[in-house]
Each structure stands twice: as structure tokens, then as C-alpha cells.
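S.K.: Supplied in C-alpha cells, the structure appears directly below.
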Amino acid sequence: MNLLTRSSINYIFFSVVAFVIGGIIFYHVIKNVYYRQIDETLKTEKLLIEEQIDFSDSLPDFRQVFSHMIEVTVFNSPKKKFEFIKDTMIYDKTRDKLLPVRQLICENTSIQDQGYIISISKPLAETTQMITTIVGTLVLLFVFLTGLLIFVNYFISKSIWVPFNKTLENLRNFDISSGTSLALTETRISEFRQLNKTLDRMTKKMKRDYINLKEFNENASHEIQTPLAIIKSKLELLIQSEGLNEEQMGMINSVYEAATRMSRLNQGLLLISKIDNNQFHHTEQVDLQKVMEKTLEHFEEIINLKKIRILHHFNAPACPQMNPALSEILVSNLVSNSIRHNIEEGEIRITMDSNGFEITNTGHPLTFPPEELFSRFRKSDRTTDSVGLGLAIVNKIVQLYQFDIHYEVKENIHRIKVDTHAAKKPD
Amino acid sequence: MKILLIEDEKELSSAIQSYLTRGNYLCETALTYNSALEKIHLYKYDCVIVDITLPDGNGLDIIRELKEEYIDTGIIIISAKNSLDDKIIGLDIGADDYLTKPFHLSELNARIKSIIRRRNFGGTNEIILNEIRIVPEEMLLFIHEKETTLTKKEFDLLIFFLSNKNRVLTKESIAEHLWGEEMDMADSYDFIYTHIKNLRKKMLENGGHDYIQTIYGMGYKFLTT
């Protein structure tokens with residue numbers, strides 16, 4: 001539900017409630033005013049009748065004087081003074097039906113000590129009709145006004161929120177890794193201007209931090225290369241020295257292995273930051289089947305050593321537009337991953353069609369949640385020698401070209417599917 | 001053989017120099033762009049190793065200058081930047097090889113050997129060691145003039161050993177030489193073992209010497225003495 005619908009619905013709801021309550025109150029007020037008027041008339045008539053009764057013995061023909069709805073009954077014994085007004089129905093002989101009336105009934109004793117009851121009735125039909133008409137007209141007027149208000153409000157709001165919607169659209173399309181900044185349109189409304197200004201400042205800062213971080217990553221990785229090169233070369237020289245005992249050799253070896261690991265790790269991070277920085281801008285149509293075949297040949301010996309069976313079925317080559325070096329890294333990382341986490345005498349199935357490829361391999365159960373598979377430094381405890389960046393790099397490449405990657409594991413069969421169909425040139 | 005090493009990092013430069021000197025090269029060093037230019041104008045080198053990022057200039061310019069004067073000098077670029085563009089430009093203007101830091105000294109040594117062999121200064125490309133004769137381009141190995149067939153990996157391994165005679169070659173450097181850097185599997189070490197076993201067997205069967213020595217936990221050494 002958008003803001004406009006929401007506000008309109010609220011508006012309608014509260015208007016309806018206000019009109020219902022207002023209508024009821026209005027109806028009662030009008031009714032009271034009329035009733036009071038009727039009651040006054042009734043009382044005046046009663047007074048006139050009482051005067052007549054007091055000053056003359058005979059009762060006048062009230063029917064002619066007032067209306068046919070007056071009845072006076074005279075008794076010989078005195079009556080206690082008593083008077084009330086009520087709504088009731090009486091039978092109208094001329095129209096042969098019951099009519100709603102306002103009726104005043106008064107019991108009293110005259111000067112001559114005769115008791116009498118006066119009953120005066122006023123038909124209400126006209127009054128009710130009048131009240132209904134007045135209230136009805138007013139309600140109609142209210143409804144029309146409210147409708148008009150909502151309608152006008154809707155259109156005004158719509159035009160008022162235009163800059164906001166534009167800002168929203170801009171934000172949605174904002175990509176921190178792309179070079180473009182948030183292009184916000186000018187607006188005269190100060191709140192929106194403030195919002196835009198704040199957003200602009202925020203995104204600029206974000207962008208600056210992001211670039212700083214990227215630069216830091218890349219610089220740090222570069223700067224680490226040289227000391228690492230020194231460590232490794234000095235160690236290599238040290239290894240060549242004569243007269244080292246086994247213990248010393250062992251220690252040197254550990255250091256050497258650690259340095260090698262570190263340099264691999266560093267190269268992996270450097271590669272990730274290069275992909276992030278879009279330094280692989282050259283793209284061409286890459287035949288992934290050829291890349292796959294080359295990779296399998298490259299790993300042939302390891303596959304044979306682990307006695308892994310390779311079953312491949314290439315329906316058609318997938319030929320996405322991408323950087324050739326990255327295509328090799330993508331395929332090679334996925335294949336080496338399926339070899340590394342495989343079991344002795346396991347199996348790897350590779351299928352490919354023009355939409356992408358799929359690698360299925362036997363292996364051990366995953367020791368962490370599958371959604372963390374593509375995050376950095378996530379590795380199973382089984383193969384401690386890997387640096388844990390391979391699939392993070394795969395993920396980066398997949399993101400860069402907007403491929404789809406899908407992973408699932410079922411009964412120790414791992415399946416990774418790469419859909420290159422949605423391939424798009426990076427900006 | 002005269003080699004010029006242009007590298008601004010003093011420690012790295014001295015390590016490379018001392019490794020190369022042991023391999024009977026005459027290795028001179030230049031720590032800056034200007035001293036490097038001076039040296040290439042004064043002397044003739046068989047091979048020049050250039051770091052692209054120097055504090056006072058770009059290594060690529062040195063290559064351009066060098067190529068103008070001595071067309072047949074071998075050039076190896078070493079760089080901390082594993083940049084494809086630099087690599088392409090470097091190879092385009094006449095460099096023979098590109099190595100990313102950090103590298104194994106044995107790998108650098110093997111690349112130098114290979115370049116010098118390819119440059120063919122003596123007229124022949126063959127590697128001869130006692131009873132062994134190798135024709136690298138055709139992947140041929142003769143032991144006592146009898147042809148012995150090797151797989152491609154075994155052949156690469158043998159040449160790598162011969163380029164680094166009497167040196168300890170670590171398992172890592174062998175693995176990287178044979179399979180490249182992406183090979184970070186423990187399995188690959190098992191493989192080196194298998195390959196070396198096979199190579200040794202083939203050489204022994206054909207009357208060759210047992211040259212390959214295992215250095216426990218560390219790697220292997222090709223002993224000729």
C-alpha cells in the first residue's frame with residue numbers, strides 16, 4: 001500500500017465516522033427543535049381549552065376551533081392535576097390508518113369542581129418528512145464535499161510527492177560500486193530538499209569510504225607482496241645452505257609453507273579487489289566448453305590420482321561475453337573445488353548447454369550452512385591447506401557478469417549450477 | 001653469462017643476486033631507474049631482469065631503451081602488480097617473460113635459463129649433462145644416446161631440475177612450476193612424489209644415473225656432483 005492510498009483510506013474512514021456521528025447529532029438537534037415547537041403549541045392549546053372550561057360550563061366545539069384531534073372528557077368528581085406529552089399512534093378515521101402523533105394528555109379539576117381530561121394530538125408525518133429531507137440533503141452535501149476533498153487531496157498529494165518518488169527511484173538505482181553519483185533533482189519543498197541534501201551527503205561519504213577501503217585493500221595487498229617476496233627468497237637461499245640439521249630444516253620448511261600460503265591468500269584478495277575495481281574491462285565471447293576441457297586436462301593427473309571418475313556431457317557450448325582470464329579462473333576454481341572436496345574413487349559430472357553449466361560431485365557433508373558457501377574464508381575443516389577464497393572469487397565473477405549461481409547438497413552430492421544466460425556486459 | 005638485475009628493494013635484490021651468482025652467472029644490480037639506464041648503456045648483458053615499479057621511473061621505459069640498442073638481450077619483468085595490461089605491454093615491447101612477486105628464486109632461475117637457451121647464443125639449444133642429452137623444443141630426452149619417452153609433466157620437471165642443479169627445490173616451487181599458482185592442494189605434493197618416482201625409474205631403467213635426492217620434508221635436489 002503506498003502512502004497516497006494509505007492517506008486517502010484514512011481520510012475516507014475518518015470522514016465517514018465524522019459524518020455518521022455528525023449526522024446523528026444533527027438529526028437529534030433538528031428533531032428536538034421541532035418537538036419543542038410542537039410541545040409549545042400543544043401547551044398553548046391546552047391553556048386555551050382550560051380557560052374555556054373554567055369560564056363556561058359548556059364545552060365549545062373544539063373540533064371547529066382547532067382541529068379534529070382534540071378530545072375533552074368531563075367527569076363529576078375532581079381529578080388530580082397531571083400532565084404529560086408522548087409520541088403515540090392514533091387511528092385516523094378519514095384516511096383509515098394509524099398516524100404517528102405527538103399527544104398531550106392533561107388531567108385537572110375546573111373551578112366548578114369537575115374533573116376533566118384533555119387530550120390534544122398533532123400529527124407528526126409532515127414533521128418527520130421535513131426532518132428527513134433536511135438531514136438527507138445535508139448528508140448528501142457532506143458526502144459530496146468529502147468526495148471532492150479526497151479527490152483534490154489525492155491529486156495535490158500526488159504532485160507534492162513527485163520529488164520524493166524521484167529520490168526513491170534514484171536511491172533504488174544507486175550502486176556504490178559504480179562510478180555514478182546519486183543525481184537528485186531540485187525541489188522547492190524544504191523537507192524534501194533537506195532529505196535530498198542529507199542523502200547526498202550520506203552517499204558521498206559512503207562512496208568515499210568505499211573507495212578508501214578499496215584502495216586500502218589493494219594497496220595493502222600490493223605492499224605485502226614485496227616483504228613476502230623478500231621472506232620467500234631469503235628462505236630459499238637459506239634452504240640451500242649446507243649443514244642444516246633436520247630440526248632446522250623442519251622449522252625453515254614451516255616458515256616457508258606459511259609464507260607461501262600467505263602469498264596465495266594475498267593474491268586471492270588482490271584478485272577480488274581487482275574484480276571489485278573492474279580492472280578486467282576487456283571482454284569477449286568466451287567458449288566455456290573449451291575452457292572446461294582445458295581445465296580438466298590441467299587437473300587430469302590429480303583426478304587420476306584421486307581415482308575420480310569424470311562424466312561430462314556437453315550439449316552445446318555456453319558462450320557468455322566475459323573476460324577470458326576470469327572465465328578460466330571461474331571454471332578452474334569450480335572444478336578444483338569439486339576435486340578438492342571429493343572422496344577417493346568419487347565422481348564428478350559436468351553438463352553444459354548454451355545457458356550455462358553444472359558441476360555435480362560426490363563429497364563429504366557440508367560443515368556449515370550452504371548459504372555461507374560463497375563467503376570469504378569459509379572452508380570445511382577437512383582440507384586445511386586451502387586458503388578459502390576460491391568460491392568467494394567465483395562469487396565475485398558471477399556478480400560482475402550478473403550470472404546466476406545456485407548450490408545445493410543432497411545426500412553428500414554437491415551440485416553447483418552456473419547460469420550464464422543472463423550475462424550482461426559490466427558497465 | 002652476464003645478468004643485470006634492476007630492482008629497488010635492496011634485500012630482494014641481494015637475495016636474487018646471491019641465488020643467481022651461485023648458478024655461475026655474473027649478476028650485477030641496479031637499485032634505481034637512472035643507474036639502470038647508465039648500466040645498460042655501458043655494458044652488454046645477456047639477460048636483464050626488470051622491476052616495473054621503480055621509485056624514479058618506469059621499468060617499461062628501460063625495456064624500450066634496451067631494445068633499441070641490443071635487440072637480442074633477454075628480458076624478464078618482475079612486478080608486484082599482477083596486472084594483465086602491464087604484462088601485455090611488457091611482452092609487446094620485447095620482454096620475454098613476466099613474473100609476479102613473490103616468486104620462487106628457482107622459478108626465476110629456470111625462466112632465465114630458458115630464455116638464454118631460446119636466444120641460442122652457442123648455436124645449439126640442447127642441454128647436455130654427462131649421459132643425458134635433451135632437446136627442449138622437441139621434448140626429446142636421450143640417455144646414452146638412446147631415446148627415452150617422458151610425459152609432458154615429467155619432461156617439464158626434468159628441465160626444471162636441470163635449470164636448478166644442486167639446489168634444493170621446494171615442493172611448493174615444483175608444484176607451482178608444473179601446475180601454476182591456482183594449484184593449492186595438498187594432493188599436488190603427492191603427485192610430485194609420483195612424478196619424481198616415475199622420472200627416476202625411467203632414467204635408471206635406461207642406464208642413467210640416480211641424480212634426484214629427496215630432502216626430507218622440504219623437497220628435492222638434482223645432484224650432479
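Every chain in the C-alpha cells takes a letter, A first, then B, and so on in the order presented; its residues are numbered from 1, and the ligands are numbered from 1 following the presented order.
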With a cut-off of 8 Å and counting only C-alpha atoms, select all residues of chain A in contact with chain B and give the selection as a list in words.
M.R.: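 Close to chain B, chain A has His222, Gln225, Thr226, Leu228, Ala229, Ile230, Lys232, Ser233, Lys234, Glu236, Leu237, Ile239, Gln240, Glu246, Met249, Gly250, Asn253, Glu257, Thr260, Ser263, Arg264, His298, Glu301, Ile302, Leu305, Asn333, Arg340, Asp385 and Ser386 of chain A.
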S.K.: So that I can check the secondary structure, give me every residue of range 214-369 of chain A assigned helix (DSSP H, G or I) by backbone DSSP, as a ChimeraX atom specification.
M.R.: /A:214-240,246-276,288-298,300-305,324-340
S.K.: Output the selection as a CSV table (one decimal), in the first residue's frame - C-alpha atoms for each residue.
M.R.:
```csv
chain,number,residue,atom,x,y,z
A,214,LYS,CA,39.0,-0.5,-1.8
A,215,GLU,CA,42.2,1.5,-2.2
A,216,PHE,CA,43.4,0.4,1.2
A,217,ASN,CA,42.8,-3.2,0.3
A,218,GLU,CA,44.6,-3.0,-2.9
A,219,ASN,CA,47.5,-1.0,-1.6
A,220,ALA,CA,47.8,-3.3,1.4
A,221,SER,CA,47.9,-6.3,-0.8
A,222,HIS,CA,50.5,-4.7,-3.0
A,223,GLU,CA,52.7,-3.6,-0.2
A,224,ILE,CA,52.6,-7.1,1.3
A,225,GLN,CA,53.9,-8.6,-1.9
A,226,THR,CA,57.4,-7.1,-1.6
A,227,PRO,CA,58.1,-8.2,2.0
A,228,LEU,CA,56.7,-11.6,1.2
A,229,ALA,CA,59.0,-11.8,-1.8
A,230,ILE,CA,61.9,-10.9,0.4
A,231,ILE,CA,60.9,-13.6,3.0
A,232,LYS,CA,60.5,-16.2,0.4
A,233,SER,CA,63.7,-15.5,-1.5
A,234,LYS,CA,65.8,-15.4,1.7
A,235,LEU,CA,64.3,-18.6,2.9
A,236,GLU,CA,65.0,-20.2,-0.5
A,237,LEU,CA,68.6,-19.1,-0.1
A,238,LEU,CA,68.7,-20.4,3.5
A,239,ILE,CA,67.5,-23.8,2.3
A,240,GLN,CA,70.4,-24.0,0.0
A,246,GLU,CA,66.7,-31.9,10.3
A,247,GLU,CA,65.1,-29.8,13.0
A,248,GLN,CA,66.3,-26.6,11.4
A,249,MET,CA,65.1,-27.8,8.1
A,250,GLY,CA,61.7,-28.6,9.6
A,251,MET,CA,61.4,-25.1,11.0
A,252,ILE,CA,62.5,-23.4,7.8
A,253,ASN,CA,60.0,-25.5,6.0
A,254,SER,CA,57.2,-24.5,8.2
A,255,VAL,CA,58.0,-20.8,7.7
A,256,TYR,CA,58.3,-21.3,4.0
A,257,GLU,CA,55.0,-23.1,3.8
A,258,ALA,CA,53.4,-20.3,5.9
A,259,ALA,CA,54.9,-17.6,3.6
A,260,THR,CA,53.6,-19.5,0.5
A,261,ARG,CA,50.2,-19.7,2.0
A,262,MET,CA,50.2,-16.1,2.9
A,263,SER,CA,51.2,-15.1,-0.6
A,264,ARG,CA,48.4,-17.2,-2.1
A,265,LEU,CA,46.0,-15.6,0.3
A,266,ASN,CA,47.2,-12.2,-0.7
A,267,GLN,CA,46.9,-12.9,-4.3
A,268,GLY,CA,43.4,-14.1,-3.8
A,269,LEU,CA,42.4,-10.9,-2.0
A,270,LEU,CA,44.2,-8.9,-4.7
A,271,LEU,CA,42.2,-10.7,-7.4
A,272,ILE,CA,39.0,-10.0,-5.5
A,273,SER,CA,39.8,-6.3,-5.2
A,274,LYS,CA,40.7,-6.2,-8.8
A,275,ILE,CA,37.4,-7.6,-9.8
A,276,ASP,CA,35.7,-5.1,-7.5
A,288,LEU,CA,33.3,-22.1,-21.8
A,289,GLN,CA,33.4,-25.6,-23.2
A,290,LYS,CA,36.9,-25.1,-24.4
A,291,VAL,CA,37.8,-23.5,-21.1
A,292,MET,CA,36.3,-26.5,-19.3
A,293,GLU,CA,38.2,-29.0,-21.5
A,294,LYS,CA,41.4,-27.2,-20.9
A,295,THR,CA,40.8,-27.1,-17.2
A,296,LEU,CA,40.0,-30.8,-17.0
A,297,GLU,CA,43.2,-31.6,-18.9
A,298,HIS,CA,45.1,-29.4,-16.5
A,300,GLU,CA,43.9,-34.7,-15.2
A,301,GLU,CA,46.7,-36.1,-13.0
A,302,ILE,CA,45.1,-35.1,-9.8
A,303,ILE,CA,41.8,-36.6,-10.9
A,304,ASN,CA,43.5,-39.8,-11.8
A,305,LEU,CA,45.4,-39.9,-8.6
A,324,PRO,CA,38.9,-14.6,-20.8
A,325,ALA,CA,41.2,-14.6,-17.8
A,326,LEU,CA,38.2,-14.5,-15.4
A,327,SER,CA,36.4,-17.3,-17.3
A,328,GLU,CA,39.4,-19.5,-16.7
A,329,ILE,CA,39.5,-18.6,-13.0
A,330,LEU,CA,35.8,-19.2,-12.7
A,331,VAL,CA,35.9,-22.7,-14.3
A,332,SER,CA,39.2,-23.7,-12.7
A,333,ASN,CA,38.1,-22.7,-9.2
A,334,LEU,CA,34.8,-24.6,-9.5
A,335,VAL,CA,36.5,-27.7,-10.9
A,336,SER,CA,39.3,-27.7,-8.4
A,337,ASN,CA,36.7,-27.2,-5.7
A,338,SER,CA,34.9,-30.3,-6.9
A,339,ILE,CA,38.1,-32.2,-6.9
A,340,ARG,CA,39.4,-31.0,-3.6
```
S.K.: Name all residues at most 8 Å from Ala392 in chain A (count only C-alpha atoms; drop same-chain ones fewer than 6 positions away) and give them as a list of chain:residue names.
M.R.: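 Here the qualifying residues turn out to be A:Phe374, A:Ser375, A:Arg376.
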S.K.: Write out as a VMD selection string each polymer residue whose atoms come within 12 Å of Ile30 in chain A, counting only C-alpha atoms; drop sequence neighbours fewer than 4 positions from it.
M.R.: chain A and resid 23 to 26 34 to 37 127 to 128 130 to 135 138
S.K.: Based on DSSP run over this structure's backbone, return all residues of range 16-186 of chain B in strand (DSSP E or B), as a compact mmCIF listing (two decimals) with N, CA and C atoms, in the first residue's frame.
M.R.:
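Contents of out-v6.txt, as written:
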```
# COMPACT_ATOMS: atom_id res chain seq x y z
N LEU B 26 77.15 -14.01 -13.83
CA LEU B 26 77.71 -12.77 -13.32
C LEU B 26 76.53 -11.83 -13.18
N CYS B 27 76.15 -11.54 -11.96
CA CYS B 27 74.92 -10.78 -11.76
C CYS B 27 75.21 -9.40 -11.19
N GLU B 28 74.89 -8.38 -11.95
CA GLU B 28 75.04 -7.01 -11.46
C GLU B 28 73.67 -6.47 -11.07
N THR B 29 73.69 -5.53 -10.14
CA THR B 29 72.40 -4.99 -9.72
C THR B 29 72.32 -3.49 -9.93
N ALA B 30 71.13 -3.02 -10.17
CA ALA B 30 70.86 -1.58 -10.22
C ALA B 30 69.65 -1.33 -9.35
N CYS B 47 70.99 -11.09 -20.22
CA CYS B 47 69.61 -11.09 -19.73
C CYS B 47 69.43 -9.96 -18.72
N VAL B 48 68.31 -9.27 -18.80
CA VAL B 48 68.02 -8.19 -17.85
C VAL B 48 66.71 -8.51 -17.12
N ILE B 49 66.77 -8.40 -15.80
CA ILE B 49 65.56 -8.62 -15.01
C ILE B 49 65.09 -7.26 -14.52
N VAL B 50 63.88 -6.87 -14.87
CA VAL B 50 63.41 -5.51 -14.59
C VAL B 50 62.17 -5.52 -13.69
N ASP B 51 62.25 -4.72 -12.65
CA ASP B 51 61.06 -4.46 -11.85
C ASP B 51 60.36 -3.27 -12.48
N THR B 53 57.94 -1.22 -11.33
CA THR B 53 57.73 -0.05 -10.48
C THR B 53 59.02 0.32 -9.74
N LEU B 54 59.67 1.32 -10.28
CA LEU B 54 60.89 1.82 -9.64
C LEU B 54 60.58 3.19 -9.07
N GLY B 57 61.24 5.97 -11.87
CA GLY B 57 60.90 5.77 -13.28
C GLY B 57 60.16 4.47 -13.51
N ASN B 58 59.80 4.28 -14.76
CA ASN B 58 59.04 3.09 -15.10
C ASN B 58 59.95 2.08 -15.79
N GLY B 74 67.87 -10.90 -23.46
CA GLY B 74 66.66 -11.49 -22.87
C GLY B 74 66.13 -10.58 -21.76
N ILE B 75 64.82 -10.44 -21.68
CA ILE B 75 64.25 -9.55 -20.65
C ILE B 75 63.16 -10.27 -19.86
N ILE B 76 63.27 -10.20 -18.55
CA ILE B 76 62.22 -10.74 -17.69
C ILE B 76 61.68 -9.61 -16.81
N ILE B 77 60.38 -9.43 -16.83
CA ILE B 77 59.78 -8.42 -15.98
C ILE B 77 59.39 -9.07 -14.66
N ILE B 78 59.74 -8.43 -13.56
CA ILE B 78 59.21 -8.89 -12.27
C ILE B 78 58.39 -7.73 -11.70
N SER B 79 57.19 -8.04 -11.22
CA SER B 79 56.34 -6.95 -10.76
C SER B 79 55.48 -7.41 -9.60
N ASP B 97 59.45 -12.55 -20.71
CA ASP B 97 58.68 -13.25 -19.68
C ASP B 97 58.21 -12.26 -18.61
N TYR B 98 57.24 -12.69 -17.83
CA TYR B 98 56.66 -11.83 -16.81
C TYR B 98 56.44 -12.67 -15.56
N LEU B 99 57.01 -12.23 -14.45
CA LEU B 99 56.86 -12.97 -13.20
C LEU B 99 56.25 -12.05 -12.15
N THR B 100 55.29 -12.57 -11.42
CA THR B 100 54.67 -11.76 -10.38
C THR B 100 55.32 -12.06 -9.04
N ILE B 127 70.52 -29.37 -24.02
CA ILE B 127 71.09 -29.39 -22.67
C ILE B 127 71.83 -30.72 -22.55
N ILE B 128 73.09 -30.63 -22.23
CA ILE B 128 73.84 -31.89 -22.11
C ILE B 128 74.43 -31.99 -20.72
N LEU B 129 74.19 -33.12 -20.08
CA LEU B 129 74.76 -33.35 -18.75
C LEU B 129 75.18 -34.82 -18.70
N ILE B 132 73.22 -37.52 -20.28
CA ILE B 132 71.89 -37.04 -20.66
C ILE B 132 71.99 -35.97 -21.75
N ARG B 133 71.12 -36.07 -22.74
CA ARG B 133 71.03 -35.02 -23.76
C ARG B 133 69.55 -34.71 -23.96
N ILE B 134 69.25 -33.44 -23.89
CA ILE B 134 67.84 -33.04 -24.00
C ILE B 134 67.67 -32.04 -25.13
N VAL B 135 66.66 -32.24 -25.97
CA VAL B 135 66.29 -31.23 -26.95
C VAL B 135 64.95 -30.64 -26.50
N LEU B 140 62.55 -34.03 -26.35
CA LEU B 140 63.24 -35.31 -26.51
C LEU B 140 64.31 -35.48 -25.43
N LEU B 141 64.40 -36.69 -24.91
CA LEU B 141 65.43 -36.99 -23.93
C LEU B 141 66.23 -38.20 -24.42
N PHE B 142 67.53 -38.03 -24.43
CA PHE B 142 68.39 -39.16 -24.79
C PHE B 142 69.28 -39.48 -23.61
N ILE B 143 69.31 -40.76 -23.27
CA ILE B 143 70.26 -41.21 -22.24
C ILE B 143 71.20 -42.19 -22.94
N LYS B 146 70.22 -42.94 -26.30
CA LYS B 146 69.04 -43.76 -26.53
C LYS B 146 67.81 -42.94 -26.13
N GLU B 147 66.86 -42.87 -27.04
CA GLU B 147 65.70 -42.02 -26.77
C GLU B 147 64.83 -42.61 -25.67
N THR B 148 64.45 -41.75 -24.74
CA THR B 148 63.59 -42.18 -23.64
C THR B 148 62.34 -41.32 -23.66
N VAL B 168 68.27 -27.09 -3.62
CA VAL B 168 67.08 -27.71 -3.06
C VAL B 168 65.86 -27.05 -3.71
N LEU B 169 65.02 -27.86 -4.30
CA LEU B 169 63.78 -27.32 -4.86
C LEU B 169 62.64 -27.69 -3.93
N THR B 170 61.93 -26.68 -3.47
CA THR B 170 60.84 -26.99 -2.54
C THR B 170 59.66 -27.58 -3.30
```
S.K.: Within 10 Å of Gln399 in chain A, counting only C-alpha atoms, which residues show up once you throw out same-chain ones fewer than 4 positions away? Write them as a list of chain:residue names, please.
M.R.: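 Selected residues are A:Ile275, A:Asp276, A:Ile393, A:Val394, A:Asn395, A:Phe403, A:Asp404, A:Ile405, A:Ala423, A:Pro426.
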S.K.: Range 34-45 of chain B: which residues within 9 Å, counting only C-alpha atoms, same-chain residues fewer than 4 positions away excluded, as a list of chain:residue names?
M.R.: B:Met1, B:Lys2, B:Ile3, B:Leu4, B:Leu5, B:Ile6, B:Thr29, B:Ala30, B:Asp56, B:Gly57, B:Ile62, B:Glu65, B:Leu66, B:Glu69, B:Tyr70, B:Thr73, B:Gly74
S.K.: Compile the contact shell of Lys410 in chain A as a ChimeraX atom specification: residues with an atom at most 12 Å away, counting only C-alpha atoms, same-chain residues fewer than 6 positions apart removed.
M.R.: /A:360-366,370,416
